[in-house]
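Okay, so here's the structure we're looking at.
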Amino acid sequence: MTVGQPQPLQTYQELVNRLYQQSNYDFVGVALQAPVSPHLTRWLFVAGNQNERFRRIVLRRGIGIAGLVLRTGAPFWHNDILALDLSDRLYSPIARAENLQAVVAVPINDGPLHTVSGVLLAGYRSGHHRVCEADADKLSQSLA
């Protein structure tokens with residue numbers, strides 16, 4: 001997605017589908033923040049989902065993987081995300097709903113001020129796969 005202007009919603013679904021088909025990720029999703037208060041963030045575009053529970057997840061800024069990426073504007077990755085419990089600030093409902101073990105998430109920046117408007121997340125269900133900074137770089141490049 002080109003920084004500087006919001007992208008059509010269809011483009012996000014195309015991005016998710018392309019990443020899912022061209023990589024070995026088990027799940028790819030985009031969560032977008034509503035432009036008006038209270039700025040709720042929801043998973044709107046996914047590929048590789050096992051169920052429809054992602055549709056009921058409402059994210060809070062600063063809580064969970066997506067919340068952390070929204071707040072900090074920095075990429076995040078973790079290789080044992082299900083080891084975290086509900087009391088942990090990095091607890092991630094999307095990882096629980098989709099049974100993801102290793103996840104990587106990067107911010108989606110829009111507008112001239114590069115405000116974070118969403119999160120692109122990809123993950124693996126198997127513990128055999130690991131994510132690292134290189135995965136975050138690849139996801140970020142896919143947004144360019």
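We name chains A, B, ... following the order of the structure tokens; residues begin at 1 in each chain, and ligands are numbered from 1 as shown.
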field: DSSP-assigned strand (DSSP E) among stretch 27-105 of chain A, expressed as a ChimeraX atom specification
entry: /A:27-33,41-47,58-59,76-78,102-105
Store the residues picked out above, limited to C-alpha atoms, as a CSV table (one decimal), in the first residue's frame.
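And here's out12.csv as it stands now:
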chain,number,residue,atom,x,y,z
A,27,PHE,CA,-2.6,-17.3,8.1
A,28,VAL,CA,-2.4,-13.7,6.8
A,29,GLY,CA,-4.6,-10.9,8.0
A,30,VAL,CA,-5.1,-7.1,7.9
A,31,ALA,CA,-6.7,-5.3,10.8
A,32,LEU,CA,-7.8,-1.7,10.2
A,33,GLN,CA,-8.5,1.0,12.7
A,41,THR,CA,-9.7,-1.9,15.2
A,42,ARG,CA,-11.0,-5.1,13.6
A,43,TRP,CA,-9.6,-7.9,11.5
A,44,LEU,CA,-11.3,-7.2,8.1
A,45,PHE,CA,-9.2,-9.1,5.6
A,46,VAL,CA,-7.8,-12.6,6.1
A,47,ALA,CA,-6.6,-15.7,4.2
A,58,VAL,CA,-12.2,-6.0,18.6
A,59,LEU,CA,-8.6,-4.8,19.2
A,76,PHE,CA,6.8,-7.2,16.1
A,77,TRP,CA,7.4,-11.0,16.0
A,78,HIS,CA,7.2,-13.8,18.5
A,102,ALA,CA,4.7,-18.0,15.5
A,103,VAL,CA,3.6,-14.5,14.3
A,104,VAL,CA,5.0,-11.4,12.7
A,105,ALA,CA,3.1,-8.1,12.4
- prompt: Skipping near chain neighbours, those fewer than 4 positions away, what residues fall within 12 Å of A:Asp80 using only C-alpha atoms, listed as a VMD selection string?
  reply: chain A and resid 84 to 85 90 to 92 95 to 96 99 to 104 123 to 131
Based on the selection just made, write N, CA and C atoms of those residues as a short mmCIF file (atom, residue, chain, number, x, y, z; two decimals), in the first residue's frame.
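The result, written out as selection-v1.cif:
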data_model
loop_
_atom_site.label_atom_id
_atom_site.label_comp_id
_atom_site.auth_asym_id
_atom_site.auth_seq_id
_atom_site.Cartn_x
_atom_site.Cartn_y
_atom_site.Cartn_z
N LEU A 84 1.77 -17.20 26.00
CA LEU A 84 1.32 -16.05 26.77
C LEU A 84 -0.13 -16.26 27.19
N ASP A 85 -0.48 -15.80 28.39
CA ASP A 85 -1.85 -15.99 28.85
C ASP A 85 -2.61 -14.66 28.86
N LEU A 90 0.77 -8.95 25.89
CA LEU A 90 0.93 -9.41 24.51
C LEU A 90 -0.02 -10.54 24.16
N TYR A 91 -0.93 -10.86 25.07
CA TYR A 91 -1.96 -11.86 24.76
C TYR A 91 -2.62 -11.46 23.45
N SER A 92 -2.82 -12.42 22.58
CA SER A 92 -3.35 -12.11 21.26
C SER A 92 -4.55 -12.97 20.91
N ALA A 95 -4.26 -14.91 17.60
CA ALA A 95 -3.41 -16.11 17.67
C ALA A 95 -4.18 -17.26 18.30
N ARG A 96 -4.97 -16.97 19.33
CA ARG A 96 -5.78 -18.02 19.97
C ARG A 96 -6.86 -18.52 19.01
N ASN A 99 -5.09 -20.43 16.28
CA ASN A 99 -4.11 -21.40 16.76
C ASN A 99 -2.71 -21.16 16.17
N LEU A 100 -2.30 -19.89 16.15
CA LEU A 100 -1.00 -19.52 15.59
C LEU A 100 0.08 -19.65 16.65
N GLN A 101 1.19 -20.23 16.29
CA GLN A 101 2.33 -20.40 17.20
C GLN A 101 3.34 -19.27 17.05
N ALA A 102 3.71 -18.98 15.80
CA ALA A 102 4.70 -17.95 15.51
C ALA A 102 4.04 -16.88 14.65
N VAL A 103 4.20 -15.62 15.04
CA VAL A 103 3.55 -14.53 14.31
C VAL A 103 4.53 -13.38 14.08
N VAL A 104 4.27 -12.66 13.01
CA VAL A 104 5.00 -11.44 12.70
C VAL A 104 3.96 -10.41 12.26
N GLY A 123 1.30 -15.59 10.14
CA GLY A 123 1.74 -16.54 11.16
C GLY A 123 1.69 -17.98 10.73
N TYR A 124 2.29 -18.79 11.58
CA TYR A 124 2.36 -20.23 11.38
C TYR A 124 1.65 -20.95 12.52
N ARG A 125 0.97 -22.02 12.20
CA ARG A 125 0.32 -22.84 13.22
C ARG A 125 1.27 -23.89 13.78
N SER A 126 2.24 -24.29 13.00
CA SER A 126 3.19 -25.32 13.41
C SER A 126 4.34 -24.69 14.20
N GLY A 127 4.80 -25.39 15.22
CA GLY A 127 5.94 -24.92 15.98
C GLY A 127 7.25 -25.11 15.25
N HIS A 128 7.21 -25.73 14.09
CA HIS A 128 8.43 -25.98 13.32
C HIS A 128 8.91 -24.73 12.58
N HIS A 129 8.05 -23.76 12.37
CA HIS A 129 8.42 -22.54 11.67
C HIS A 129 8.78 -21.46 12.67
N ARG A 130 9.75 -20.64 12.32
CA ARG A 130 10.19 -19.53 13.16
C ARG A 130 10.04 -18.24 12.35
N VAL A 131 9.79 -17.15 13.03
CA VAL A 131 9.75 -15.84 12.39
C VAL A 131 10.86 -14.98 12.96
#
query: So which one's closest to A:Asp26, A:Phe54, A:Thr115, A:Gln141, A:Gly48? Using only C-alpha atoms, please.
result: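 Smallest distance to A:Asp26 is found for A:Gly48.
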statement: Nearest to A:Glu98, restricted to only C-alpha atoms and choosing among A:Leu121, A:Asn79, A:Arg55, A:Gln50, comes out as A:Gln50
task: Find the residue from A:Val16, A:Ala34, A:Val119, A:Asn49 that sits nearest to A:Thr72; use only C-alpha atoms when measuring.
output: A:Val119
query: Out of chain A, which residues get alpha helix (DSSP H) from DSSP, as a VMD selection string?
result: chain A and resid 9 to 22 64 to 72 93 to 98 133 to 142
query: Which one of A:Leu15, A:Ala136, A:Leu70, A:Leu82 sits closest to A:His114 if you count only C-alpha atoms?
result: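 The answer is A:Leu70, which sits nearest to A:His114.
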- request: Select, from A:Ile94, A:Ala83, A:Ala144, A:Cys132, the residue with the minimum atom-to-atom distance to A:Ala66, counting only C-alpha atoms.
  value: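 Among A:Ile94, A:Ala83, A:Ala144, A:Cys132, it is A:Ile94 that comes nearest to A:Ala66.
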A:Val36, A:Ala74, A:Leu19, A:Ile63 ranked by distance to A:Asn109, top pick (using only C-alpha atoms):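 Of all the options, A:Ala74 lies closest to A:Asn109.
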query: If you count only C-alpha atoms, which residues fall within 8 Å of A:Val116, apart from same-chain ones fewer than 5 positions away, as a PyMOL selection string?
result: chain A and resi 70-71+73+107-110
